[in-house]
file run.txt (compact mmCIF, C-alpha atoms)
# COMPACT_ATOMS: atom_id res chain seq x y z
CA MET A 1 30.76 54.20 94.83
CA VAL A 2 33.05 57.03 93.67
CA GLN A 3 35.94 55.48 95.56
CA GLY A 4 35.29 52.07 93.99
CA PHE A 5 35.09 53.56 90.52
CA LEU A 6 38.29 55.47 91.11
CA ILE A 7 40.12 52.28 92.12
CA LEU A 8 38.89 50.44 88.99
CA LEU A 9 39.76 53.28 86.63
CA PHE A 10 43.11 53.85 88.31
CA CYS A 11 44.03 50.16 87.89
CA GLN A 12 42.99 50.35 84.23
CA LEU A 13 45.10 53.49 83.77
CA LEU A 14 48.11 51.81 85.38
CA GLY A 15 47.55 48.82 83.11
CA GLU A 16 47.34 51.02 80.00
CA CYS A 17 50.55 52.82 81.03
CA LEU A 18 52.35 49.51 81.58
CA VAL A 19 51.39 47.99 78.22
CA THR A 20 52.32 51.24 76.44
CA LEU A 21 55.67 51.45 78.20
CA LEU A 22 56.47 47.79 77.55
CA SER A 23 54.89 48.04 74.06
CA VAL A 24 53.16 44.65 74.37
CA SER A 25 49.79 43.86 72.78
CA ILE A 26 48.05 42.81 76.01
CA PRO A 27 44.85 44.78 76.79
CA GLY A 28 45.48 47.40 79.49
CA SER A 29 42.25 46.45 81.27
CA VAL A 30 43.44 42.83 81.69
CA VAL A 31 46.73 44.03 83.17
CA GLY A 32 44.66 46.34 85.41
CA MET A 33 42.66 43.30 86.56
CA MET A 34 45.86 41.45 87.50
CA LEU A 35 47.18 44.55 89.33
CA LEU A 36 43.94 44.86 91.28
CA LEU A 37 44.04 41.14 92.15
CA VAL A 38 47.60 41.51 93.47
CA GLY A 39 46.55 44.62 95.42
CA LEU A 40 43.62 42.75 97.02
CA ILE A 41 45.88 39.84 97.95
CA VAL A 42 48.27 42.31 99.62
CA ILE A 43 45.63 44.22 101.64
CA LYS A 44 43.67 40.95 102.23
CA LYS A 45 40.19 42.45 101.83
CA VAL A 46 37.89 44.08 99.28
CA PRO A 47 37.05 47.69 100.29
CA ASP A 48 33.25 48.12 100.63
CA GLY A 49 32.98 50.81 97.96
CA LEU A 50 34.97 48.73 95.50
CA ARG A 51 32.81 45.66 96.06
CA SER A 52 29.49 47.42 95.51
CA THR A 53 30.73 49.23 92.38
CA SER A 54 32.29 46.07 90.92
CA GLU A 55 29.25 43.92 91.58
CA GLY A 56 27.07 46.59 90.01
CA LEU A 57 29.24 46.68 86.89
CA LEU A 58 29.49 42.90 86.60
CA LYS A 59 25.72 42.58 86.93
CA ILE A 60 25.24 44.73 83.80
CA LEU A 61 28.22 43.22 81.94
CA PRO A 62 26.04 41.70 79.18
CA LEU A 63 24.57 45.16 78.45
CA LEU A 64 28.06 46.64 78.18
CA LEU A 65 28.85 44.22 75.34
CA VAL A 66 25.96 45.38 73.16
CA PRO A 67 27.46 48.51 71.51
CA ALA A 68 30.60 46.61 70.44
CA GLY A 69 28.46 43.75 69.18
CA VAL A 70 26.26 46.05 67.08
CA GLY A 71 29.44 46.71 65.09
CA LEU A 72 28.73 43.29 63.54
CA MET A 73 26.61 45.22 61.02
CA ARG A 74 29.88 46.31 59.43
CA TYR A 75 30.87 42.73 58.71
CA PHE A 76 27.85 41.43 56.81
CA GLY A 77 30.13 40.99 53.78
CA VAL A 78 32.59 38.76 55.65
CA LEU A 79 29.78 36.93 57.41
CA SER A 80 27.82 36.16 54.27
CA ALA A 81 30.99 34.93 52.52
CA TYR A 82 32.27 32.73 55.35
CA TRP A 83 29.32 31.98 57.64
CA TYR A 84 29.43 28.20 57.35
CA GLN A 85 33.23 27.97 57.69
CA LEU A 86 33.05 30.15 60.81
CA LEU A 87 30.26 28.04 62.31
CA ILE A 88 32.17 24.80 61.65
CA ILE A 89 35.35 26.27 63.16
CA LEU A 90 33.57 27.48 66.29
CA PHE A 91 31.76 24.17 66.76
CA VAL A 92 34.74 21.87 66.23
CA SER A 93 37.14 24.04 68.19
CA THR A 94 34.78 24.35 71.17
CA LEU A 95 34.08 20.62 71.16
CA VAL A 96 37.79 19.75 71.10
CA THR A 97 38.60 22.33 73.80
CA MET A 98 35.93 21.07 76.19
CA PHE A 99 36.87 17.46 75.53
CA VAL A 100 40.57 18.06 76.24
CA VAL A 101 39.94 20.06 79.42
CA ALA A 102 37.37 17.60 80.78
CA ALA A 103 39.62 14.62 79.99
CA LEU A 104 42.65 16.24 81.66
CA LEU A 105 40.70 17.20 84.78
CA ARG A 106 39.22 13.70 85.04
CA LEU A 107 42.66 12.16 84.71
CA MET A 108 44.07 14.39 87.44
CA SER A 109 41.21 13.81 89.86
CA LYS A 110 41.56 10.04 89.32
CA GLU A 111 45.28 10.14 90.12
CA LYS A 112 44.47 12.04 93.26
CA HIS A 113 41.94 9.42 94.34
CA GLU A 114 44.42 6.61 93.76
CA GLU A 115 47.07 8.43 95.80
CA GLY A 116 44.52 8.71 98.60
CA HIS A 117 43.87 4.93 98.73
CA MET B 1 13.33 64.56 57.40
CA VAL B 2 15.57 67.44 58.53
CA LEU B 3 14.24 66.93 62.04
CA TRP B 4 15.14 63.22 61.95
CA SER B 5 18.69 63.84 60.74
CA HIS B 6 19.18 66.05 63.79
CA PHE B 7 17.40 63.65 66.15
CA GLN B 8 19.47 60.75 64.82
CA THR B 9 22.74 62.34 66.04
CA LEU B 10 21.52 62.75 69.63
CA PRO B 11 23.63 60.41 71.77
CA VAL B 12 20.83 59.98 74.29
CA LEU B 13 18.55 58.51 71.60
CA TRP B 14 20.87 55.50 71.11
CA LEU B 15 21.38 55.15 74.85
CA VAL B 16 17.62 54.89 75.30
CA VAL B 17 17.29 52.46 72.38
CA THR B 18 20.12 50.23 73.68
CA LEU B 19 18.81 50.05 77.25
CA ALA B 20 15.20 49.56 76.18
CA VAL B 21 16.02 46.83 73.66
CA PHE B 22 18.27 45.07 76.19
CA LEU B 23 15.49 45.04 78.81
CA VAL B 24 13.00 43.63 76.31
CA ALA B 25 15.54 41.01 75.17
CA SER B 26 16.25 39.98 78.78
CA TRP B 27 12.53 39.66 79.49
CA PHE B 28 12.07 37.63 76.31
CA ASN B 29 14.98 35.33 77.25
CA VAL B 30 13.44 34.59 80.66
CA ARG B 31 10.08 33.83 79.00
CA MET B 32 11.85 31.42 76.62
CA GLY B 33 13.39 29.44 79.47
CA LYS B 34 16.80 31.17 79.32
CA THR B 35 17.94 29.28 76.23
CA PRO B 36 21.51 30.30 75.26
CA PHE B 37 20.46 30.58 71.60
CA LEU B 38 18.23 33.52 72.48
CA HIS B 39 20.79 35.11 74.79
CA PRO B 40 19.78 38.71 75.61
CA VAL B 41 22.96 40.06 73.99
CA LEU B 42 22.38 38.13 70.73
CA VAL B 43 18.73 39.21 70.59
CA SER B 44 19.66 42.83 71.41
CA LEU B 45 22.24 42.92 68.63
CA ALA B 46 19.77 41.58 66.11
CA ILE B 47 17.04 44.08 67.07
CA ILE B 48 19.35 47.11 67.24
CA ILE B 49 20.98 46.28 63.90
CA LEU B 50 17.52 45.96 62.32
CA VAL B 51 16.51 49.34 63.81
CA LEU B 52 19.69 50.97 62.47
CA LEU B 53 19.19 49.46 59.00
CA ALA B 54 15.53 50.45 58.94
CA THR B 55 16.33 54.05 59.91
CA ASN B 56 19.36 54.28 57.62
CA THR B 57 21.67 54.96 60.55
CA ASP B 58 25.33 53.96 60.29
CA TYR B 59 27.40 52.43 63.09
CA ASP B 60 29.38 55.62 63.77
CA THR B 61 26.16 57.55 64.38
CA TYR B 62 24.92 54.81 66.72
CA MET B 63 28.22 54.91 68.61
CA LEU B 64 27.71 58.64 69.37
CA GLY B 65 25.54 57.23 72.15
CA GLY B 66 26.84 53.67 72.29
CA GLN B 67 30.38 54.76 73.18
CA TYR B 68 29.27 55.76 76.68
CA ILE B 69 28.16 52.20 77.41
CA HIS B 70 31.22 50.75 75.66
CA LEU B 71 33.48 52.91 77.84
CA LEU B 72 32.40 50.96 80.94
CA LEU B 73 33.79 47.69 79.55
CA GLY B 74 37.32 48.63 80.66
CA PRO B 75 36.55 49.08 84.37
CA ALA B 76 34.23 46.03 84.20
CA VAL B 77 37.16 43.87 83.06
CA VAL B 78 39.22 45.22 85.97
CA ALA B 79 36.31 44.36 88.28
CA LEU B 80 36.62 40.67 87.28
CA ALA B 81 39.48 40.65 89.84
CA ILE B 82 36.91 40.64 92.68
CA PRO B 83 35.30 37.23 91.94
CA LEU B 84 38.81 35.86 91.35
CA TYR B 85 39.91 37.20 94.75
CA ASP B 86 36.79 35.79 96.44
CA ASN B 87 37.69 32.32 95.14
CA LEU B 88 41.35 32.59 96.04
CA ALA B 89 41.13 29.82 98.65
CA THR B 90 39.82 27.39 96.00
CA VAL B 91 42.49 28.50 93.55
CA LYS B 92 45.24 27.84 96.08
CA ARG B 93 43.85 24.44 97.05
CA LEU B 94 43.46 23.25 93.45
CA LEU B 95 46.20 25.33 91.85
CA VAL B 96 47.77 22.62 89.67
CA PRO B 97 44.63 21.12 88.10
CA LEU B 98 43.12 24.57 87.60
CA LEU B 99 46.24 25.91 85.92
CA VAL B 100 46.60 22.81 83.72
CA GLY B 101 42.92 23.00 82.76
CA CYS B 102 42.90 26.68 81.94
CA VAL B 103 46.25 26.79 80.15
CA SER B 104 45.55 23.71 78.01
CA GLY B 105 42.00 24.89 77.31
CA ALA B 106 43.13 28.36 76.25
CA ILE B 107 45.83 26.94 73.98
CA VAL B 108 43.62 24.28 72.39
CA ALA B 109 40.78 26.78 71.86
CA SER B 110 42.80 29.40 70.02
CA VAL B 111 45.22 27.11 68.19
CA SER B 112 42.47 24.80 66.93
CA ALA B 113 40.40 27.78 65.73
CA ILE B 114 43.40 29.28 63.92
CA MET B 115 44.41 25.96 62.34
CA LEU B 116 40.89 25.24 61.09
CA GLY B 117 40.68 28.80 59.79
CA MET B 118 43.96 28.38 57.90
CA TRP B 119 42.67 25.13 56.44
CA PHE B 120 39.59 27.01 55.17
CA GLY B 121 41.91 29.69 53.75
CA LEU B 122 40.56 32.60 55.82
CA SER B 123 42.35 35.96 55.82
CA ASP B 124 44.91 36.77 58.53
CA GLN B 125 42.64 39.37 60.05
CA LEU B 126 39.82 36.84 60.32
CA LEU B 127 42.19 34.34 61.97
CA LEU B 128 43.18 36.99 64.53
CA THR B 129 39.50 37.61 65.15
CA LEU B 130 38.83 33.89 65.69
CA ALA B 131 41.74 33.41 68.11
CA PRO B 132 40.07 34.82 71.26
CA LYS B 133 36.69 33.11 70.61
CA SER B 134 36.56 31.14 73.87
CA VAL B 135 37.41 34.17 76.00
CA THR B 136 34.81 36.27 77.77
CA SER B 137 33.66 39.02 75.34
CA PRO B 138 35.01 42.10 77.17
CA ILE B 139 38.49 40.56 77.14
CA ALA B 140 38.04 39.15 73.62
CA ILE B 141 37.08 42.60 72.30
CA ALA B 142 40.15 44.10 73.98
CA ILE B 143 42.38 41.32 72.57
CA ALA B 144 41.00 41.71 69.04
CA GLU B 145 41.57 45.48 69.23
CA LYS B 146 45.15 44.90 70.36
CA VAL B 147 46.26 42.14 67.98
CA GLY B 148 44.57 43.58 64.89
CA GLY B 149 41.40 41.52 64.45
CA PHE B 150 37.83 42.84 64.03
CA PRO B 151 36.63 43.62 67.61
CA SER B 152 32.91 43.62 66.82
CA LEU B 153 33.13 40.40 64.87
CA ALA B 154 35.13 38.87 67.73
CA ALA B 155 32.30 39.81 70.10
CA GLY B 156 29.79 38.08 67.83
CA LEU B 157 31.89 34.92 67.43
CA VAL B 158 32.40 34.76 71.20
CA LEU B 159 28.65 34.86 71.77
CA ILE B 160 28.01 32.13 69.22
CA THR B 161 30.77 30.04 70.83
CA GLY B 162 29.12 30.54 74.21
CA ALA B 163 25.75 29.34 72.94
CA MET B 164 27.32 26.30 71.22
CA GLY B 165 29.37 25.49 74.32
CA CYS B 166 26.23 25.16 76.43
CA VAL B 167 24.94 22.52 74.00
CA ILE B 168 28.29 20.73 73.57
CA ALA B 169 29.22 20.51 77.27
CA PRO B 170 26.52 18.00 78.34
CA VAL B 171 27.54 15.72 75.44
CA VAL B 172 31.19 15.82 76.55
CA TYR B 173 30.18 14.99 80.16
CA LYS B 174 28.30 11.98 78.90
CA LEU B 175 31.14 10.77 76.66
CA LEU B 176 33.71 11.07 79.46
CA LYS B 177 31.28 10.09 82.25
CA ILE B 178 31.93 13.31 84.20
CA GLU B 179 29.82 13.70 87.31
CA ASP B 180 31.92 16.07 89.44
CA GLU B 181 30.10 19.40 89.60
CA SER B 182 33.30 21.45 89.88
CA VAL B 183 34.75 19.83 86.74
CA LYS B 184 31.50 20.49 84.86
CA GLY B 185 31.59 24.17 85.81
CA PHE B 186 35.26 24.55 84.99
CA VAL B 187 34.91 23.01 81.53
CA LEU B 188 32.03 25.37 80.76
CA GLY B 189 34.00 28.40 81.96
CA VAL B 190 37.07 27.54 79.87
CA GLY B 191 35.21 26.69 76.67
CA ALA B 192 32.16 28.93 76.82
CA HIS B 193 33.13 31.92 79.08
CA ALA B 194 30.29 33.91 80.72
CA MET B 195 27.48 32.11 78.92
CA GLY B 196 28.93 28.79 80.01
CA THR B 197 29.25 30.11 83.56
CA ALA B 198 25.62 31.19 83.62
CA PHE B 199 24.69 27.73 82.33
CA ALA B 200 26.93 26.10 84.96
CA PHE B 201 24.86 27.69 87.75
CA GLU B 202 22.06 25.37 86.63
CA TYR B 203 24.18 22.48 87.95
CA GLY B 204 24.67 24.31 91.26
CA MET B 205 26.57 27.04 93.08
CA VAL B 206 29.86 25.13 93.07
CA ALA B 207 29.72 24.57 89.32
CA GLY B 208 28.92 28.25 88.81
CA ALA B 209 31.81 29.42 90.99
CA PHE B 210 34.24 27.16 89.12
CA GLY B 211 32.85 28.43 85.82
CA GLY B 212 33.53 32.03 86.80
CA LEU B 213 36.98 31.12 88.01
CA ALA B 214 37.81 29.30 84.77
CA MET B 215 36.46 32.19 82.72
CA GLY B 216 38.63 34.76 84.52
CA MET B 217 41.79 32.65 84.44
CA THR B 218 41.37 31.64 80.78
CA GLY B 219 40.66 35.24 79.76
CA ALA B 220 43.73 36.61 81.52
CA PHE B 221 45.97 33.80 80.28
CA THR B 222 44.80 34.16 76.67
CA ALA B 223 45.44 37.92 76.75
CA PHE B 224 49.07 37.24 77.68
CA PHE B 225 49.50 34.15 75.52
CA LEU B 226 48.10 35.29 72.14
CA PRO B 227 50.60 38.14 71.60
CA VAL B 228 53.33 35.50 72.02
CA LEU B 229 51.65 32.87 69.82
CA ILE B 230 50.76 35.16 66.92
CA PRO B 231 54.32 35.93 65.75
CA ILE B 232 55.24 32.23 66.16
CA ILE B 233 52.62 31.08 63.65
CA GLY B 234 53.54 33.98 61.39
CA LEU B 235 50.38 36.13 61.51
call {"tool": "encode", "arguments": {"input": "run.txt", "output": "structure tokens"}}
result
Amino acid sequence: MVQGFLILLFCQLLGECLVTLLSVSIPGSVVGMMLLLVGLIVIKKVPDGLRSTSEGLLKILPLLLVPAGVGLMRYFGVLSAYWYQLLIILFVSTLVTMFVVAALLRLMSKEKHEEGH
Amino acid sequence: MVLWSHFQTLPVLWLVVTLAVFLVASWFNVRMGKTPFLHPVLVSLAIIILVLLATNTDYDTYMLGGQYIHLLLGPAVVALAIPLYDNLATVKRLLVPLLVGCVSGAIVASVSAIMLGMWFGLSDQLLLTLAPKSVTSPIAIAIAEKVGGFPSLAAGLVLITGAMGCVIAPVVYKLLKIEDESVKGFVLGVGAHAMGTAFAFEYGMVAGAFGGLAMGMTGAFTAFFLPVLIPIIGL
């Protein structure tokens, strides 16, 4: 548990150091995730402590989002001014995204089938 | 009144409120058949904001306690590497279609949101907040913090996107006659992140696994891609 937490925090710290050094606007935690993934690929297994800690954290992930989300109360002004534009944007953009991805994947799986015949 | 103003600044009070409200919201969501429109996070936000407004508590005071929960988001994002690693065999086998799907999805999602936002004449900061809307919230919050959007608003927009995605996806499957479970899961993961992934599990384990995979890949790619895109479109 402690060991797992240490690995996660250490990867995040490394990530934060990297993005600061390179002065890029990528979140340090995302870089930490990539570093951990590379590390796991190198050692070819997930240490027991790391797995239990990570699964525990991922299980409560929705709860971890709540405090940031409560900050929405600061944006009532923006929301009341633009709520319908924002809803339209989210709807159209999500529809287009899903359509494009599904169409591309269908196209590629079809090509694969035809190659197979 | 003096007593309350002291009580209000106790971090543990807001920790208790957050956990209790979240448990009630989760229970309520299960009772309501797990509909994405009453997602536990959305319901929790609504209840906690109402409590704060009713007790005249501002966000900074709430965060005296809330910050300790928020702090765990960082290591939780790092932990997303484990499900990615577990699915490594699938990633290797289907590397090209998965990469094409996630890269095109991430680009279409943020570019289309930014373009529509520009068309509506939204402010630059709002556009930056909209850009990561298809990405899983912990990563979206981190992206918004980094590129100069509103992190909390980004979290809210991400959740609304997730709920919409669960409604839109079945329509898209019908239009394109998609029956492959892995494709269904992947589309949900790219377009509707964690909420889409949870929804994908309703189609089966394979769909759920592909959803999680798509969510992780899209999140990571968007985090690297947006800082490049933003100067190009002049934000």
call {"tool": "residues_around", "arguments": {"input": "run.txt", "residues": "Thr90 (chain B)", "least_positions_apart": "3", "cutoff": "12 Å", "atoms": "all atoms listed in the file", "output": "list in words"}}
result
Pro83, Leu84, Tyr85, Asp86, Asn87, Arg93, Leu94, Leu95, Val96, Pro97, Leu98, Ser182, Val206, Ala209, Phe210, Leu213 and Ala214 of chain B
call {"tool": "write_last_selection", "arguments": {"input": "run.txt", "atoms": "C-alpha atoms", "output": "PDB file, keeping the file's coordinate frame"}}
result
ATOM      1  CA  PRO B  83      35.300  37.230  91.940  1.00  0.00           C
ATOM      2  CA  LEU B  84      38.810  35.860  91.350  1.00  0.00           C
ATOM      3  CA  TYR B  85      39.910  37.200  94.750  1.00  0.00           C
ATOM      4  CA  ASP B  86      36.790  35.790  96.440  1.00  0.00           C
ATOM      5  CA  ASN B  87      37.690  32.320  95.140  1.00  0.00           C
ATOM      6  CA  ARG B  93      43.850  24.440  97.050  1.00  0.00           C
ATOM      7  CA  LEU B  94      43.460  23.250  93.450  1.00  0.00           C
ATOM      8  CA  LEU B  95      46.200  25.330  91.850  1.00  0.00           C
ATOM      9  CA  VAL B  96      47.770  22.620  89.670  1.00  0.00           C
ATOM     10  CA  PRO B  97      44.630  21.120  88.100  1.00  0.00           C
ATOM     11  CA  LEU B  98      43.120  24.570  87.600  1.00  0.00           C
ATOM     12  CA  SER B 182      33.300  21.450  89.880  1.00  0.00           C
ATOM     13  CA  VAL B 206      29.860  25.130  93.070  1.00  0.00           C
ATOM     14  CA  ALA B 209      31.810  29.420  90.990  1.00  0.00           C
ATOM     15  CA  PHE B 210      34.240  27.160  89.120  1.00  0.00           C
ATOM     16  CA  LEU B 213      36.980  31.120  88.010  1.00  0.00           C
ATOM     17  CA  ALA B 214      37.810  29.300  84.770  1.00  0.00           C
TER      18      ALA B 214
END
call {"tool": "atom_distance", "arguments": {"input": "run.txt", "atom1": "CA of Leu6 (chain A)", "atom2": "CA of Ser29 (chain A)"}}
result
13.9 Å
call {"tool": "atom_distance", "arguments": {"input": "run.txt", "atom1": "CA of Ala76 (chain B)", "atom2": "CA of Pro62 (chain A)"}}
result
10.5 Å
call {"tool": "closest_residue", "arguments": {"input": "run.txt", "among": "B:Val2, B:Val77, B:Val21, B:Leu50", "to": "Leu36 (chain A)", "atoms": "all atoms listed in the file"}}
result
B:Val77
call {"tool": "residues_around", "arguments": {"input": "run.txt", "residues": "region 156-171 of chain B", "least_positions_apart": "3", "cutoff": "6 Å", "atoms": "only C-alpha atoms", "output": "ChimeraX atom specification"}}
result
/A:69,90 /B:36-37,133,153,174,192,195-196
call {"tool": "closest_residue", "arguments": {"input": "run.txt", "among": "A:Leu50, A:Met33, A:Leu107, A:Leu18", "to": "chain B", "atoms": "only C-alpha atoms"}}
result
A:Met33
call {"tool": "atom_distance", "arguments": {"input": "run.txt", "atom1": "CA of Asn56 (chain B)", "atom2": "CA of Pro138 (chain B)"}}
result
27.8 Å
call {"tool": "interface_residues", "arguments": {"input": "run.txt", "of": "chain A", "to": "chain B", "cutoff": "8 Å", "atoms": "all atoms listed in the file", "output": "PDB file with C-alpha atoms, in the coordinates of the input"}}
result
ATOM      1  CA  PHE A   5      35.090  53.560  90.520  1.00  0.00           C
ATOM      2  CA  LEU A   8      38.890  50.440  88.990  1.00  0.00           C
ATOM      3  CA  LEU A   9      39.760  53.280  86.630  1.00  0.00           C
ATOM      4  CA  CYS A  11      44.030  50.160  87.890  1.00  0.00           C
ATOM      5  CA  GLN A  12      42.990  50.350  84.230  1.00  0.00           C
ATOM      6  CA  VAL A  24      53.160  44.650  74.370  1.00  0.00           C
ATOM      7  CA  SER A  25      49.790  43.860  72.780  1.00  0.00           C
ATOM      8  CA  ILE A  26      48.050  42.810  76.010  1.00  0.00           C
ATOM      9  CA  PRO A  27      44.850  44.780  76.790  1.00  0.00           C
ATOM     10  CA  SER A  29      42.250  46.450  81.270  1.00  0.00           C
ATOM     11  CA  VAL A  30      43.440  42.830  81.690  1.00  0.00           C
ATOM     12  CA  GLY A  32      44.660  46.340  85.410  1.00  0.00           C
ATOM     13  CA  MET A  33      42.660  43.300  86.560  1.00  0.00           C
ATOM     14  CA  MET A  34      45.860  41.450  87.500  1.00  0.00           C
ATOM     15  CA  LEU A  36      43.940  44.860  91.280  1.00  0.00           C
ATOM     16  CA  LEU A  37      44.040  41.140  92.150  1.00  0.00           C
ATOM     17  CA  LEU A  40      43.620  42.750  97.020  1.00  0.00           C
ATOM     18  CA  ILE A  41      45.880  39.840  97.950  1.00  0.00           C
ATOM     19  CA  VAL A  46      37.890  44.080  99.280  1.00  0.00           C
ATOM     20  CA  ARG A  51      32.810  45.660  96.060  1.00  0.00           C
ATOM     21  CA  SER A  54      32.290  46.070  90.920  1.00  0.00           C
ATOM     22  CA  GLU A  55      29.250  43.920  91.580  1.00  0.00           C
ATOM     23  CA  LEU A  57      29.240  46.680  86.890  1.00  0.00           C
ATOM     24  CA  LEU A  58      29.490  42.900  86.600  1.00  0.00           C
ATOM     25  CA  LEU A  61      28.220  43.220  81.940  1.00  0.00           C
ATOM     26  CA  PRO A  62      26.040  41.700  79.180  1.00  0.00           C
ATOM     27  CA  LEU A  63      24.570  45.160  78.450  1.00  0.00           C
ATOM     28  CA  LEU A  64      28.060  46.640  78.180  1.00  0.00           C
ATOM     29  CA  LEU A  65      28.850  44.220  75.340  1.00  0.00           C
ATOM     30  CA  VAL A  66      25.960  45.380  73.160  1.00  0.00           C
ATOM     31  CA  PRO A  67      27.460  48.510  71.510  1.00  0.00           C
ATOM     32  CA  ALA A  68      30.600  46.610  70.440  1.00  0.00           C
ATOM     33  CA  GLY A  69      28.460  43.750  69.180  1.00  0.00           C
ATOM     34  CA  VAL A  70      26.260  46.050  67.080  1.00  0.00           C
ATOM     35  CA  GLY A  71      29.440  46.710  65.090  1.00  0.00           C
ATOM     36  CA  LEU A  72      28.730  43.290  63.540  1.00  0.00           C
ATOM     37  CA  MET A  73      26.610  45.220  61.020  1.00  0.00           C
ATOM     38  CA  ARG A  74      29.880  46.310  59.430  1.00  0.00           C
ATOM     39  CA  TYR A  75      30.870  42.730  58.710  1.00  0.00           C
ATOM     40  CA  GLN A  85      33.230  27.970  57.690  1.00  0.00           C
ATOM     41  CA  LEU A  86      33.050  30.150  60.810  1.00  0.00           C
ATOM     42  CA  ILE A  89      35.350  26.270  63.160  1.00  0.00           C
ATOM     43  CA  LEU A  90      33.570  27.480  66.290  1.00  0.00           C
ATOM     44  CA  PHE A  91      31.760  24.170  66.760  1.00  0.00           C
ATOM     45  CA  SER A  93      37.140  24.040  68.190  1.00  0.00           C
ATOM     46  CA  THR A  94      34.780  24.350  71.170  1.00  0.00           C
ATOM     47  CA  LEU A  95      34.080  20.620  71.160  1.00  0.00           C
ATOM     48  CA  VAL A  96      37.790  19.750  71.100  1.00  0.00           C
ATOM     49  CA  THR A  97      38.600  22.330  73.800  1.00  0.00           C
ATOM     50  CA  MET A  98      35.930  21.070  76.190  1.00  0.00           C
ATOM     51  CA  PHE A  99      36.870  17.460  75.530  1.00  0.00           C
ATOM     52  CA  VAL A 100      40.570  18.060  76.240  1.00  0.00           C
ATOM     53  CA  VAL A 101      39.940  20.060  79.420  1.00  0.00           C
ATOM     54  CA  ALA A 102      37.370  17.600  80.780  1.00  0.00           C
ATOM     55  CA  ALA A 103      39.620  14.620  79.990  1.00  0.00           C
ATOM     56  CA  LEU A 104      42.650  16.240  81.660  1.00  0.00           C
ATOM     57  CA  LEU A 105      40.700  17.200  84.780  1.00  0.00           C
ATOM     58  CA  ARG A 106      39.220  13.700  85.040  1.00  0.00           C
ATOM     59  CA  MET A 108      44.070  14.390  87.440  1.00  0.00           C
TER      60      MET A 108
END
call {"tool": "closest_residue", "arguments": {"input": "run.txt", "among": "B:Ile233, B:Gly149, B:Val135, B:Gln8", "to": "Thr197 (chain B)", "atoms": "all atoms listed in the file"}}
result
B:Val135
call {"tool": "closest_residue", "arguments": {"input": "run.txt", "among": "B:Val12, B:Met32, B:Ala200, B:Leu235", "to": "Ser123 (chain B)", "atoms": "only C-alpha atoms"}}
result
B:Leu235
call {"tool": "axis_aligned_box", "arguments": {"input": "run.txt", "around": "region 77-93 of chain B", "padding_each_side": "5 Å", "output": "AutoDock Vina command-line options"}}
result
--center_x 40.3 --center_y 34.8 --center_z 90.9 --size_x 19.9 --size_y 30.8 --size_z 25.6
call {"tool": "decode", "arguments": {"input": "run.txt", "residues": "region 72-84 of chain B", "atoms": "N, CA and C atoms", "output": "CSV table (one decimal), in the first residue's frame"}}
result
chain,number,residue,atom,x,y,z
B,72,LEU,N,-5.7,13.7,-4.4
B,72,LEU,CA,-5.5,12.3,-4.8
B,72,LEU,C,-5.7,12.2,-6.3
B,73,LEU,N,-6.2,13.2,-7.0
B,73,LEU,CA,-6.5,13.1,-8.5
B,73,LEU,C,-5.2,12.8,-9.2
B,74,GLY,N,-4.1,13.5,-8.8
B,74,GLY,CA,-2.8,13.3,-9.5
B,74,GLY,C,-2.3,11.9,-9.5
B,75,PRO,N,-2.1,11.3,-8.3
B,75,PRO,CA,-1.8,9.8,-8.3
B,75,PRO,C,-2.8,9.0,-9.0
B,76,ALA,N,-4.1,9.3,-9.0
B,76,ALA,CA,-5.1,8.5,-9.7
B,76,ALA,C,-4.9,8.5,-11.2
B,77,VAL,N,-4.5,9.7,-11.7
B,77,VAL,CA,-4.2,9.8,-13.2
B,77,VAL,C,-3.0,8.9,-13.5
B,78,VAL,N,-2.0,8.9,-12.6
B,78,VAL,CA,-0.8,8.1,-12.9
B,78,VAL,C,-1.2,6.6,-12.9
B,79,ALA,N,-2.2,6.3,-12.0
B,79,ALA,CA,-2.6,4.9,-11.8
B,79,ALA,C,-3.4,4.4,-13.1
B,80,LEU,N,-3.8,5.3,-13.9
B,80,LEU,CA,-4.5,4.9,-15.2
B,80,LEU,C,-3.5,4.0,-16.1
B,81,ALA,N,-2.2,4.1,-15.7
B,81,ALA,CA,-1.2,3.3,-16.5
B,81,ALA,C,-1.5,1.8,-16.3
B,82,ILE,N,-2.0,1.4,-15.2
B,82,ILE,CA,-2.2,0.0,-14.9
B,82,ILE,C,-3.2,-0.7,-15.8
B,83,PRO,N,-4.4,-0.1,-16.0
B,83,PRO,CA,-5.3,-0.7,-17.0
B,83,PRO,C,-4.8,-0.7,-18.4
B,84,LEU,N,-4.0,0.4,-18.7
B,84,LEU,CA,-3.4,0.4,-20.0
B,84,LEU,C,-2.4,-0.7,-20.2
